[in-house]
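What follows is a single structure, written as structure tokens, with notes after it.
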Amino acid sequence: MAAGAASGSDGGGPGDLGVAPSQDVELRAVLEKVGGGPDGRDVMTALSNKALISPDGKYGMLETFLTSVRRSGVKNFFLIALDDHTAGAMRAIDVPYWQAPVVKTTGGDDNHGISAKKYKLLLEILSLGYNVLLSDADVVVLRDPFPDLFRDADVEGMTDAEDARKAMGETIVEDDPKMGWSRYAYTNRIWAMNSGLFYIRSNARTVQLMKNIHARLVREKAWDQSVFNEELVRPSYGKKHVSPMCSLRVAELHTFANSKFVWKGVHKARDSVSGKLRRVPENPAMVHVNFHPDKWDRMKSLVEYYVDGKAHALEKYPVGSCENAPDC
């Protein structure tokens, strides 16, 4: 459990962020309704279109996600609805929502294309001084994640690494024998920060980060997670790349878990008879099924495993995307 530092912006209001506060009346209303945390400025959100839920809100991957949010006890949540269908579903099941304006990028309507829209929408929220825990819909929430946030960095997010050593960064040595005495060059590598599960504080740096990412996704046909990492992690260099200088915290793998970590490590570390953990200290707050294509099925099995106590619920799946990987 993290001992949280002060949350919120760097002491200034929306007018100090270098961008005009959003004028969207509906967004302001939902933020004021659901805002929570130490100063009422923490919110959790996800965005979705009609592909993930039925019109009555009772069926679909998004329903599984929303049910897990409710079960976890999170109160300061709202959904960003990308169409009338999804907005209607939220009304039917009484979930707070904001029906977002149309956001144009170079992406389409697939998962990556939908994901690319969120940076402009996050910019709207950040501009009003709210801190955001952004989640994709292929996530299972097992407990309220907010108490586990450290809140000592601009961006605190899930890693795509599978173990703590890779998550915290590795020293990589490149050998260039032709250089003789200076043949060894040292560099550092961190694994990608996942763009589908991160907490971002409202301040001028993060506003600039969202502006940079969105601007690139409007003009470039690129994977939004790659752009997210490039703008977040790369230092300023030359005239073409100026970093917003955001500070970064890699979230604890045992708390904000990716599905590679779970299927390759956690459930393999359990006793085959009792199902009890042998070396993992506690259940995660959130699990993101980002490494596997059968997302919804695995989400439901995660609920069976962690919530219903079915010790073997995860074992019916291969570690990777098929039994004979890479020959899937």
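Note on naming: chains are A, B, ... as they come in the structure tokens, residues start from 1 per chain, ligands start from 1 in the order shown.
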
With 8 Å as the cut-off and only C-alpha atoms counted, what is the closest atom pair between each nearby residue of stretch 168-257 of chain A and stretch 288-292 of chain A? Distances in Å to one decimal, ordered by chain and number, as a Markdown table.
```
| residue | atom | partner | partner_atom | distance |
| --- | --- | --- | --- | --- |
| A:Leu197 | CA | A:His288 | CA | 7.6 |
| A:Phe256 | CA | A:His288 | CA | 7.8 |
| A:Ala257 | CA | A:His288 | CA | 6.2 |
```

How would the residues just picked look written out with all heavy atoms as a PDB file, in the first residue's frame?
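This is the output file again_0.pdb:
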```
ATOM      1  N   LEU A 197      -3.309   2.034 -19.168  1.00  0.00           N
ATOM      2  CA  LEU A 197      -3.528   2.050 -17.728  1.00  0.00           C
ATOM      3  C   LEU A 197      -2.471   2.944 -17.077  1.00  0.00           C
ATOM      4  O   LEU A 197      -1.338   2.533 -16.867  1.00  0.00           O
ATOM      5  CB  LEU A 197      -3.460   0.637 -17.144  1.00  0.00           C
ATOM      6  CG  LEU A 197      -3.729   0.493 -15.641  1.00  0.00           C
ATOM      7  CD1 LEU A 197      -5.048   1.151 -15.249  1.00  0.00           C
ATOM      8  CD2 LEU A 197      -3.731  -0.975 -15.226  1.00  0.00           C
ATOM      9  N   PHE A 256      -0.552  -3.160 -10.298  1.00  0.00           N
ATOM     10  CA  PHE A 256      -1.116  -2.832 -11.612  1.00  0.00           C
ATOM     11  C   PHE A 256      -0.480  -3.797 -12.613  1.00  0.00           C
ATOM     12  O   PHE A 256       0.585  -3.533 -13.158  1.00  0.00           O
ATOM     13  CB  PHE A 256      -0.832  -1.372 -11.955  1.00  0.00           C
ATOM     14  CG  PHE A 256      -1.465  -0.403 -10.993  1.00  0.00           C
ATOM     15  CD1 PHE A 256      -0.783   0.035  -9.858  1.00  0.00           C
ATOM     16  CD2 PHE A 256      -2.757   0.060 -11.193  1.00  0.00           C
ATOM     17  CE1 PHE A 256      -1.362   0.921  -8.957  1.00  0.00           C
ATOM     18  CE2 PHE A 256      -3.355   0.944 -10.287  1.00  0.00           C
ATOM     19  CZ  PHE A 256      -2.651   1.369  -9.173  1.00  0.00           C
ATOM     20  N   ALA A 257      -1.133  -4.928 -12.811  1.00  0.00           N
ATOM     21  CA  ALA A 257      -0.525  -6.065 -13.498  1.00  0.00           C
ATOM     22  C   ALA A 257      -0.941  -6.150 -14.956  1.00  0.00           C
ATOM     23  O   ALA A 257      -2.102  -5.902 -15.298  1.00  0.00           O
ATOM     24  CB  ALA A 257      -0.898  -7.365 -12.787  1.00  0.00           C
TER      25      ALA A 257
END
```

Using only C-alpha atoms, I'd like a table of the residues in stretch 93-168 of chain A that come within 7 Å of stretch 16-23 of chain A; for each, show the closest atom pair and its distance in Å rounded to one decimal, ordered by chain and ascending number, as CSV.
```
residue,atom,partner,partner_atom,distance
A:Glu124,CA,A:Ser22,CA,5.4
A:Ser127,CA,A:Pro21,CA,4.7
A:Leu128,CA,A:Pro21,CA,5.3
```

Kindly save the residues from that selection, with all heavy atoms included, as a PDB file, in the first residue's frame.
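Contents of selection-v9.pdb, freshly written:
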```pdb
ATOM      1  N   GLU A 124      -8.865  17.625 -22.265  1.00  0.00           N
ATOM      2  CA  GLU A 124     -10.042  18.363 -21.801  1.00  0.00           C
ATOM      3  C   GLU A 124     -10.207  18.229 -20.288  1.00  0.00           C
ATOM      4  O   GLU A 124     -10.515  19.199 -19.589  1.00  0.00           O
ATOM      5  CB  GLU A 124     -11.289  17.830 -22.511  1.00  0.00           C
ATOM      6  CG  GLU A 124     -11.325  18.052 -24.015  1.00  0.00           C
ATOM      7  CD  GLU A 124     -11.585  19.503 -24.359  1.00  0.00           C
ATOM      8  OE1 GLU A 124     -12.634  20.032 -23.963  1.00  0.00           O
ATOM      9  OE2 GLU A 124     -10.711  20.108 -25.010  1.00  0.00           O
ATOM     10  N   SER A 127      -7.357  19.958 -18.308  1.00  0.00           N
ATOM     11  CA  SER A 127      -7.453  21.415 -18.382  1.00  0.00           C
ATOM     12  C   SER A 127      -8.342  21.997 -17.296  1.00  0.00           C
ATOM     13  O   SER A 127      -8.260  23.181 -16.976  1.00  0.00           O
ATOM     14  CB  SER A 127      -7.971  21.844 -19.766  1.00  0.00           C
ATOM     15  OG  SER A 127      -9.366  21.620 -19.887  1.00  0.00           O
ATOM     16  N   LEU A 128      -9.196  21.144 -16.720  1.00  0.00           N
ATOM     17  CA  LEU A 128     -10.080  21.578 -15.644  1.00  0.00           C
ATOM     18  C   LEU A 128      -9.497  21.282 -14.263  1.00  0.00           C
ATOM     19  O   LEU A 128     -10.176  21.459 -13.246  1.00  0.00           O
ATOM     20  CB  LEU A 128     -11.455  20.913 -15.805  1.00  0.00           C
ATOM     21  CG  LEU A 128     -12.242  21.365 -17.043  1.00  0.00           C
ATOM     22  CD1 LEU A 128     -13.478  20.511 -17.234  1.00  0.00           C
ATOM     23  CD2 LEU A 128     -12.613  22.833 -16.930  1.00  0.00           C
TER      24      LEU A 128
END
```

Query raised in the report: Could you pull out the strand (DSSP E) residues of stretch 142-321 of chain A from DSSP and send them as a PyMOL selection string?
Result: chain A and resi 155-159+170-175+184-189+193-200+248-250+256-258+286-288

Query raised in the report: Could you pull the residues within 9 Å of A:Phe146, counting only C-alpha atoms, minus those fewer than 5 positions along the same chain, as a PyMOL selection string?
Result: chain A and resi 37+42+74+133

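Checking A:Ile213, A:Cys246, A:Leu314, A:Leu79 one by one against A:Ala116, counting only C-alpha atoms, you find the shortest gap at A:Ile213.
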
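Closest approach to A:Ser259 among A:Ser236, A:His241, A:Asp160, A:Arg183 is made by A:Asp160 (distances from only C-alpha atoms).
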
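The gap separating atom CA of A:Asp224 from atom CA of A:Leu142 is 26.6 Å, in Å to one decimal.
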
Requested in this report: Write out as a list in words which residues come within 9 Å of A:Ser247 when counting only C-alpha atoms, dropping same-chain ones fewer than 3 positions away.
Outcome: Asp152, Ala153, Asp154, Val155, Glu156, Arg205, Leu232 and Val233 of chain A

Output for the residues just chosen: N, CA and C atoms as a PDB file, in the first residue's frame:
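Written output follows (selection_25.pdb):
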```pdb
ATOM      1  N   ASP A 152       3.673  10.755  -6.643  1.00  0.00           N
ATOM      2  CA  ASP A 152       4.889  11.563  -6.569  1.00  0.00           C
ATOM      3  C   ASP A 152       5.489  11.835  -7.942  1.00  0.00           C
ATOM      4  N   ALA A 153       4.728  11.530  -8.990  1.00  0.00           N
ATOM      5  CA  ALA A 153       5.208  11.745 -10.355  1.00  0.00           C
ATOM      6  C   ALA A 153       4.068  12.279 -11.205  1.00  0.00           C
ATOM      7  N   ASP A 154       4.421  12.886 -12.326  1.00  0.00           N
ATOM      8  CA  ASP A 154       3.400  13.394 -13.242  1.00  0.00           C
ATOM      9  C   ASP A 154       2.588  12.256 -13.855  1.00  0.00           C
ATOM     10  N   VAL A 155       3.277  11.191 -14.223  1.00  0.00           N
ATOM     11  CA  VAL A 155       2.635  10.024 -14.821  1.00  0.00           C
ATOM     12  C   VAL A 155       3.074   8.788 -14.052  1.00  0.00           C
ATOM     13  N   GLU A 156       2.113   8.003 -13.613  1.00  0.00           N
ATOM     14  CA  GLU A 156       2.379   6.778 -12.848  1.00  0.00           C
ATOM     15  C   GLU A 156       1.591   5.672 -13.532  1.00  0.00           C
ATOM     16  N   ARG A 205       2.962  20.421 -17.454  1.00  0.00           N
ATOM     17  CA  ARG A 205       3.768  19.428 -18.167  1.00  0.00           C
ATOM     18  C   ARG A 205       2.889  18.347 -18.802  1.00  0.00           C
ATOM     19  N   LEU A 232       6.730  10.766 -23.783  1.00  0.00           N
ATOM     20  CA  LEU A 232       6.869  10.730 -22.327  1.00  0.00           C
ATOM     21  C   LEU A 232       8.317  10.532 -21.886  1.00  0.00           C
ATOM     22  N   VAL A 233       9.050   9.651 -22.559  1.00  0.00           N
ATOM     23  CA  VAL A 233      10.337   9.191 -22.049  1.00  0.00           C
ATOM     24  C   VAL A 233      11.534   9.854 -22.728  1.00  0.00           C
TER      25      VAL A 233
END
```
